[in-house]
Amino acid sequence: MARGDRGTRTAPSKLEILVKVLQLERAQGHRDMAVTGGLDAFLGASADEFRQVLADVDRTPGTYESRDSSARELMVSQILSSSGVAPAKATQRAAPQPKTSPKPARAKAATKKSSKKVEPPEALPLKTHIDDLKFIRKPTLGNFRKMAVETLHDLLYLFPLRHIDYSNVKQIAYLEIDEEVSVIGKVIRSTTKRIGRGATIVSINDGTGIVDATWFNQPYLATRFKPGTTLALSGKVGVYRDRAQFQNPEYETASGTSAEEMIKAGGLLPVYPSTEGMYQRTLRTATNKALEVGLPSVIDPLPAEIRKNQKLYKLTEAIHGMHLPESKEEFAEARRRLAWDELFVNQVAVQTRRLQWRERDAAVLIPLNPPVMEHFRGLLPFNLTNGQESALAEIVAELESTVPMARLLQGEVGSGKTVIALAAMLMAAGEGYQAALMAPTEVLAEQHFLNITSMLTGGDTSIFNEGYLRSFEMPGFDEPLRIALLLGSIRQSEKAEIQRQLSEGHIQLAIGTHALFQEEVEIPQLALAVVDEQHRFGVEQRAALQGKGIRPHLLAMSATPIPRSLALTLYGDLDISTLRELPGGRKSIKTRWLRSKSDRESGYQLIREEVAAGRQAFVVCPFIEPSDQIDARSATSEYERLRLGELKDLRLGLLHGRMSLADKQEVMEQVHAREIDVLVATPVIEVGIDVPNATVMMVESAERFGLSQLHQLRGRVGRGEYASHCFVLTDGAGTEAQERLQIIERTYDGFELSEEDLRIRGPGDYLGTRQSGMPDLKVATIRDVELMAFAKVEAADLLEMDPELQKRAHRPLAALVKTQLEKMTGTLS
């Protein structure tokens with residue numbers, strides 16, 4: 001039957017399971033290996049159900065395990081015959097009984113009995129509470145709640161973590177290296193070894209041979225797999241010291257498995273997420289019953305045309321296939337459908353918000369002011385790259401429209417995003433409006449303030465006013481251009497003066513943090529809001545800023561390239577401008593991970609040589625002060641150590657976030673004047689520092705940084721005409737940190753690094769906050785990029801046809817989108 005058109009499957013009957021067990025036992029040569037724990041245990045567990053078909057079995061030879069091969073063959077044939085299956089050769093699966101063949105009398109009786117109409121279980125509403133589900137035992141209710149299972153719907157969507165594959169069970173004697181198989185045998189040895197955090201090594205015997213299985217970092221398994229335990233293993237066969245071995249295989253013990261589960265007769269056994277005191281048998285029983293009573297109540301919210309276009313399963317079929325697939329291929333298709341649902345709802349939600357943003361109110365039209373732009377270009381010590389020109393043209397076109405801009409500006413480290421953002425802010429200021437730039441931290445806001453004032457004066461800091469409010473003459477402006485820095489930590493008197501001038505429209509450019517969101521801050525002519533590292537702001541904060549002005553345009557900036565999966569989900573409601581090209585004249589940066597003491601000394605030697613040649617260097621530490629709790633280098637202690645040690649003959653400077661703005665500015669002026677040879681700093685320098693003469697970046701305790709941050713720090717050098725170097729050093733790195741350092745050592749492309757960083761850290765850690773706007777994905781992952789792209793296209797087509805999802809067929813989807821919009825904390829509001 002065609003995919004997507006099959007009806008909901010029902011669980012096999014006990015008799016059907018018995019037949020499959022016996023057929024598998026026959027095919028395996030009557031070795032008592034078809035079912036975990038042996039055939040005697042399986043038959044005994046369901047004796048009442050099998051009473052009729054076991055009536056004619058000759059009991060004289062004893063149990064199945066005690067019989068010889070020929071007696072076992074006879075017993076299997078007797079049972080199958082009573083079940084209506086013809087005898088066959090021991091080495092072959094039973095052939096279907098011809099329709100014309102007469103059936104034994106008992107088989108007719110069994111058929112007649114099984115043909116009685118069985119009433120299907122009563123369907124229940126999906127909102128039914130687990131307290132009201134008769135198949136949930138009261139002692140287990142607390143454990144289900146710990147797993148966030150409160151309703152029948154939650155139970156249906158409690159999907160397995162994985163499935164153990166029993167579709168290819170082999171004898172140990174016939175295992176082949178590198179094949180994916182399952183084996184079933186009895187544990188004969190169970191030991192632990194000191195490997196890493198401890199390893200469990202188990203040996204099992206199936207009567208034909210012995211195979212070992214090793215689980216690393218799981219020493220507790222040794223006590224679970226006691227000798228005599230029947231154990232099923234599934235995985236790839238490897239080899240160690242000329243012996244077959246499984247490494248970290250899937251496993252299942254007979255003690256935790258019911259009769260049906262002990263075989264799954266060539267199927268896939270689900271393994272569910274659990275909690276202490278909750279057994280897999282309990283979870284499998286509960287989900288099976290949930291499928292019976294819950295699937296009939298499931299309403300598919302996906303329009304049928306989209307389902308057919310994308311060749312997707314029906315929702316009921318997909319839910320069933322996630323729990324009880326008949327093959328790996330079926331599971332993959334079931335997962336694809338449910339992943340699609342998550343991504344498609346997200347895409348409809350973000351595109352709905354984008355439509356609402358663009359249609360709610362008109363933005364102010366900001367025409368290009370040629371004198372202002374020409375003067376600004378003349379202040380820059382370089383020409384804009386082709387990528388910058390293209391991005392600026394896109395932004396100018398949108399500012400010259402009354403449709404509110406919603407754009408993300410992303411790019412490679414050092415590609416000049418701040419220059420483009422400042423050009424847009426000057427367009428607004430040149431027409432008498434105000435513009436604001438928000439940064440997530442005071443340190444970053446200060447860096448933007450210093451960097452922008454430096455750009456606006458061509459690097460001449462002598463005309464700066466002291467403090468957080470600065471003004472100077474600029475062509476194209478009727479009055480002096482005023483730029484202010486508003487932070488929560490500045491003195492109240494300075495804050496009050498900045499707030500007063502903002503409310504009166506005298507300050508054209510405002511830079512700040514959350515202080516810009518406070519109710520007492522008024523920015524009546526705000527026409528452009530620039531949000532740096534916008535994923536670190538909540539929707540309430542952005543809404544508060546947008547409420548300050550007349551309907552501002554929005555420009556978001558990302559410090560590093562955005563992985564494509566996030567561009568399609570987190571930033572799905574934004575147009576994206578990408579800067580890939582670096583300014584001309586940039587030299588390559590050679591990156592090395594200095595692992596040994598001699599490597600470290602070679603790094604210091606290179607710094608001394610570069611300084612002797614007239615160059616400068618940075619040494620970055622993750623913390624300002626040393627800590628008793630954290631083993632990592634600090635800027636203050638490293639500054640003192642280097643000043644008296646390896647770099648004692650050089651001029652060292654210190655920069656960190658606790659210094660006053662004036663002190664930071666003084667240090668940076670000394671760096672630009674080449675009065676400091678080596679600047680020891682915290683990550684305060686990762687953004688906004690442009691020192692073309694610097695050629696060495698040394699990052700201490702590099703295991704404390706993510707890939708994107710390491711790439712940002714590396715981008716502080718290599719900005720001039722000289723070849724540059726980046727050294728990463730560690731005092732101890734775990735497996736994940738080692739992987740990051742190996743990647744940064746060999747990879748220089750920021751877009752590739754962003755994908756690797758997201759893969760290693762995951763969306764939550766990568767974005768640094770749960771209010772980032774990343775959808776809560778349970779089935780889909782960040783690797784489903786192709787599915788995301790298809791979902792984006794289908795969502796756009798749907799909203800073009802029915803923008804408010806008012807058609808009857810779209811109402812179930814509209815309810816899901818509404819819920820998603822309420823949960824989302826994306827870029828627009």
# chains A, B, ... in the order shown; residues from 1 in each chain; ligands from 1
call {"tool": "residues_around", "arguments": {"residues": "Leu231 of chain A", "least_positions_apart": "6", "cutoff": "7 Å", "atoms": "only C-alpha atoms", "output": "PyMOL selection string"}}
result
chain A and resi 184-187+251-254
call {"tool": "write_last_selection", "arguments": {"atoms": "all heavy atoms", "output": "short mmCIF file (atom, residue, chain, number, x, y, z; two decimals), in the first residue's frame"}}
result
data_model
loop_
_atom_site.label_atom_id
_atom_site.label_comp_id
_atom_site.auth_asym_id
_atom_site.auth_seq_id
_atom_site.Cartn_x
_atom_site.Cartn_y
_atom_site.Cartn_z
N ILE A 184 21.91 -13.48 21.18
CA ILE A 184 21.24 -13.73 22.44
C ILE A 184 21.94 -14.89 23.12
O ILE A 184 22.15 -15.95 22.52
CB ILE A 184 19.75 -14.05 22.24
CG1 ILE A 184 19.06 -12.94 21.46
CG2 ILE A 184 19.05 -14.26 23.58
CD1 ILE A 184 17.63 -13.24 21.08
N GLY A 185 22.34 -14.71 24.37
CA GLY A 185 23.03 -15.77 25.09
C GLY A 185 23.00 -15.52 26.58
O GLY A 185 22.37 -14.57 27.06
N LYS A 186 23.70 -16.37 27.33
CA LYS A 186 23.75 -16.25 28.77
C LYS A 186 25.10 -15.67 29.20
O LYS A 186 26.14 -16.01 28.63
CB LYS A 186 23.53 -17.61 29.44
CG LYS A 186 22.11 -18.15 29.27
CD LYS A 186 21.90 -19.40 30.07
CE LYS A 186 20.48 -19.95 29.84
NZ LYS A 186 19.45 -19.02 30.34
N VAL A 187 25.06 -14.77 30.18
CA VAL A 187 26.27 -14.13 30.69
C VAL A 187 27.10 -15.18 31.42
O VAL A 187 26.59 -15.89 32.30
CB VAL A 187 25.93 -12.97 31.64
CG1 VAL A 187 27.21 -12.41 32.26
CG2 VAL A 187 25.16 -11.90 30.90
N TYR A 251 21.29 -3.22 24.43
CA TYR A 251 21.13 -4.47 25.17
C TYR A 251 19.74 -4.55 25.78
O TYR A 251 19.05 -3.54 25.95
CB TYR A 251 22.18 -4.59 26.27
CG TYR A 251 22.08 -3.51 27.32
CD1 TYR A 251 21.21 -3.63 28.42
CD2 TYR A 251 22.84 -2.34 27.23
CE1 TYR A 251 21.11 -2.63 29.37
CE2 TYR A 251 22.74 -1.34 28.17
CZ TYR A 251 21.88 -1.49 29.25
OH TYR A 251 21.77 -0.50 30.19
N GLU A 252 19.33 -5.77 26.09
CA GLU A 252 18.08 -6.01 26.78
C GLU A 252 18.22 -7.31 27.55
O GLU A 252 18.77 -8.30 27.05
CB GLU A 252 16.91 -6.10 25.80
CG GLU A 252 15.56 -6.22 26.45
CD GLU A 252 15.08 -4.91 27.07
OE1 GLU A 252 15.68 -3.86 26.75
OE2 GLU A 252 14.12 -4.93 27.84
N THR A 253 17.77 -7.32 28.81
CA THR A 253 17.82 -8.53 29.62
C THR A 253 16.44 -9.17 29.68
O THR A 253 15.42 -8.48 29.56
CB THR A 253 18.30 -8.22 31.05
OG1 THR A 253 17.39 -7.29 31.64
CG2 THR A 253 19.70 -7.62 31.03
N ALA A 254 16.41 -10.49 29.89
CA ALA A 254 15.13 -11.19 29.92
C ALA A 254 14.29 -10.77 31.11
O ALA A 254 13.08 -10.75 31.06
CB ALA A 254 15.37 -12.70 29.98
#
call {"tool": "closest_atom_pairs", "arguments": {"of": "segment 152-240 of chain A", "to": "segment 19-32 of chain A", "cutoff": "12 Å", "atoms": "only C-alpha atoms", "output": "Markdown table"}}
result
| residue | atom | partner | partner_atom | distance |
| --- | --- | --- | --- | --- |
| A:Tyr166 | CA | A:Leu24 | CA | 11.5 |
| A:Ser167 | CA | A:Leu24 | CA | 10.6 |
| A:Asn168 | CA | A:Leu24 | CA | 10.8 |
| A:Val169 | CA | A:Gln28 | CA | 9.0 |
| A:Lys170 | CA | A:Gln28 | CA | 8.3 |
| A:Gln171 | CA | A:Gln28 | CA | 8.4 |
| A:Ile184 | CA | A:Asp32 | CA | 10.0 |
| A:Gly185 | CA | A:Asp32 | CA | 10.0 |
| A:Lys186 | CA | A:Asp32 | CA | 11.9 |
| A:Asp206 | CA | A:Arg31 | CA | 8.7 |
| A:Gly207 | CA | A:Arg31 | CA | 8.1 |
| A:Thr208 | CA | A:Arg31 | CA | 9.3 |
| A:Thr230 | CA | A:Asp32 | CA | 12.0 |
call {"tool": "closest_residue", "arguments": {"among": "A:Gln218, A:Gln247, A:Val271, A:Ala814", "to": "Leu283 of chain A", "atoms": "only C-alpha atoms"}}
result
A:Val271
call {"tool": "closest_atom_pairs", "arguments": {"of": "segment 571-595 of chain A", "to": "segment 555-566 of chain A", "cutoff": "9 Å", "atoms": "only C-alpha atoms", "output": "tab-separated table"}}
result
residue	atom	partner	partner_atom	distance
A:Tyr571	CA	A:Leu566	CA	6.3
A:Gly572	CA	A:Leu566	CA	8.0
A:Leu574	CA	A:Ala556	CA	8.8
A:Thr578	CA	A:Pro561	CA	8.2
A:Leu579	CA	A:Pro561	CA	8.8
A:Arg580	CA	A:Pro561	CA	8.9
call {"tool": "residues_around", "arguments": {"residues": "segment 477-481 of chain A", "least_positions_apart": "4", "cutoff": "8 Å", "atoms": "only C-alpha atoms", "output": "PyMOL selection string"}}
result
chain A and resi 372+430+471-473+507-508
call {"tool": "closest_atom_pairs", "arguments": {"of": "segment 701-762 of chain A", "to": "segment 629-644 of chain A", "cutoff": "12 Å", "atoms": "only C-alpha atoms", "output": "JSON lines"}}
result
{"residue": "A:Ser701", "atom": "CA", "partner": "A:Ala632", "partner_atom": "CA", "distance": 5.7}
{"residue": "A:Ala702", "atom": "CA", "partner": "A:Ala632", "partner_atom": "CA", "distance": 9.1}
{"residue": "A:Glu703", "atom": "CA", "partner": "A:Ala632", "partner_atom": "CA", "distance": 9.2}
{"residue": "A:Arg704", "atom": "CA", "partner": "A:Ala632", "partner_atom": "CA", "distance": 8.1}
{"residue": "A:Phe705", "atom": "CA", "partner": "A:Ala632", "partner_atom": "CA", "distance": 11.4}
{"residue": "A:Leu729", "atom": "CA", "partner": "A:Arg633", "partner_atom": "CA", "distance": 10.4}
{"residue": "A:Thr730", "atom": "CA", "partner": "A:Ala632", "partner_atom": "CA", "distance": 8.6}
{"residue": "A:Asp731", "atom": "CA", "partner": "A:Ala632", "partner_atom": "CA", "distance": 7.3}
{"residue": "A:Gly732", "atom": "CA", "partner": "A:Asp631", "partner_atom": "CA", "distance": 9.0}
{"residue": "A:Ala733", "atom": "CA", "partner": "A:Ala632", "partner_atom": "CA", "distance": 11.0}
call {"tool": "decode", "arguments": {"residues": "segment 213-241 of chain A", "atoms": "N, CA, C and O atoms", "output": "compact mmCIF listing (two decimals), in the first residue's frame"}}
result
# COMPACT_ATOMS: atom_id res chain seq x y z
N ALA A 213 31.36 -8.08 25.10
CA ALA A 213 30.76 -6.76 24.89
C ALA A 213 31.37 -5.81 25.91
O ALA A 213 31.52 -6.16 27.09
N THR A 214 31.75 -4.62 25.45
CA THR A 214 32.37 -3.62 26.32
C THR A 214 31.55 -2.34 26.29
O THR A 214 31.17 -1.85 25.22
N TRP A 215 31.26 -1.82 27.48
CA TRP A 215 30.60 -0.51 27.61
C TRP A 215 31.55 0.42 28.36
O TRP A 215 31.89 0.16 29.53
N PHE A 216 31.98 1.49 27.71
CA PHE A 216 32.90 2.43 28.34
C PHE A 216 32.13 3.44 29.21
O PHE A 216 31.00 3.83 28.88
N ASN A 217 32.75 3.83 30.30
CA ASN A 217 32.20 4.83 31.22
C ASN A 217 30.86 4.41 31.84
O ASN A 217 30.06 5.24 32.25
N GLN A 218 30.62 3.09 31.90
CA GLN A 218 29.39 2.56 32.51
C GLN A 218 29.75 1.36 33.41
O GLN A 218 29.26 0.25 33.20
N PRO A 219 30.57 1.56 34.43
CA PRO A 219 31.01 0.43 35.27
C PRO A 219 29.86 -0.22 36.04
O PRO A 219 29.95 -1.37 36.44
N TYR A 220 28.76 0.52 36.25
CA TYR A 220 27.63 -0.01 37.01
C TYR A 220 26.95 -1.19 36.30
O TYR A 220 26.22 -1.96 36.94
N LEU A 221 27.16 -1.34 35.00
CA LEU A 221 26.51 -2.42 34.27
C LEU A 221 27.01 -3.79 34.72
O LEU A 221 26.31 -4.79 34.57
N ALA A 222 28.21 -3.84 35.28
CA ALA A 222 28.78 -5.13 35.70
C ALA A 222 27.91 -5.80 36.75
O ALA A 222 27.77 -7.03 36.77
N THR A 223 27.32 -5.01 37.64
CA THR A 223 26.46 -5.59 38.67
C THR A 223 25.09 -5.96 38.11
O THR A 223 24.39 -6.80 38.67
N ARG A 224 24.68 -5.34 37.02
CA ARG A 224 23.39 -5.63 36.41
C ARG A 224 23.43 -6.93 35.62
O ARG A 224 22.47 -7.69 35.59
N PHE A 225 24.57 -7.18 34.95
CA PHE A 225 24.69 -8.37 34.10
C PHE A 225 25.39 -9.50 34.88
O PHE A 225 26.57 -9.78 34.68
N LYS A 226 24.65 -10.13 35.75
CA LYS A 226 25.23 -11.19 36.57
C LYS A 226 25.31 -12.49 35.77
O LYS A 226 24.50 -12.73 34.87
N PRO A 227 26.28 -13.35 36.06
CA PRO A 227 26.37 -14.64 35.37
C PRO A 227 25.05 -15.40 35.44
O PRO A 227 24.39 -15.44 36.48
N GLY A 228 24.67 -15.97 34.31
CA GLY A 228 23.40 -16.68 34.22
C GLY A 228 22.29 -15.86 33.62
O GLY A 228 21.26 -16.40 33.20
N THR A 229 22.46 -14.53 33.58
CA THR A 229 21.45 -13.65 33.00
C THR A 229 21.38 -13.84 31.50
O THR A 229 22.42 -13.92 30.83
N THR A 230 20.16 -13.97 30.98
CA THR A 230 20.00 -14.03 29.52
C THR A 230 20.06 -12.61 28.97
O THR A 230 19.32 -11.73 29.41
N LEU A 231 20.96 -12.38 28.03
CA LEU A 231 21.24 -11.03 27.54
C LEU A 231 21.19 -10.99 26.02
O LEU A 231 21.77 -11.85 25.35
N ALA A 232 20.47 -10.02 25.50
CA ALA A 232 20.44 -9.80 24.05
C ALA A 232 21.26 -8.57 23.73
O ALA A 232 21.13 -7.53 24.39
N LEU A 233 22.13 -8.67 22.74
CA LEU A 233 22.98 -7.57 22.31
C LEU A 233 22.68 -7.24 20.86
O LEU A 233 22.43 -8.14 20.06
N SER A 234 22.77 -5.96 20.52
CA SER A 234 22.55 -5.55 19.14
C SER A 234 23.52 -4.42 18.81
O SER A 234 23.61 -3.43 19.53
N GLY A 235 24.27 -4.58 17.71
CA GLY A 235 25.23 -3.56 17.32
C GLY A 235 26.17 -4.08 16.25
O GLY A 235 25.93 -5.12 15.62
N LYS A 236 27.27 -3.35 16.04
CA LYS A 236 28.26 -3.74 15.03
C LYS A 236 29.32 -4.61 15.66
O LYS A 236 29.84 -4.31 16.74
N VAL A 237 29.68 -5.69 14.97
CA VAL A 237 30.69 -6.62 15.46
C VAL A 237 32.08 -6.05 15.17
O VAL A 237 32.39 -5.70 14.02
N GLY A 238 32.89 -5.92 16.19
CA GLY A 238 34.27 -5.49 16.03
C GLY A 238 35.21 -6.60 16.43
O GLY A 238 34.80 -7.74 16.63
N VAL A 239 36.47 -6.27 16.55
CA VAL A 239 37.46 -7.27 16.94
C VAL A 239 38.46 -6.63 17.89
O VAL A 239 38.86 -5.47 17.72
N TYR A 240 38.84 -7.37 18.92
CA TYR A 240 39.84 -6.90 19.88
C TYR A 240 40.69 -8.10 20.30
O TYR A 240 40.17 -9.09 20.81
N ARG A 241 41.98 -8.01 20.02
CA ARG A 241 42.91 -9.10 20.34
C ARG A 241 42.43 -10.43 19.75
O ARG A 241 42.36 -11.45 20.41
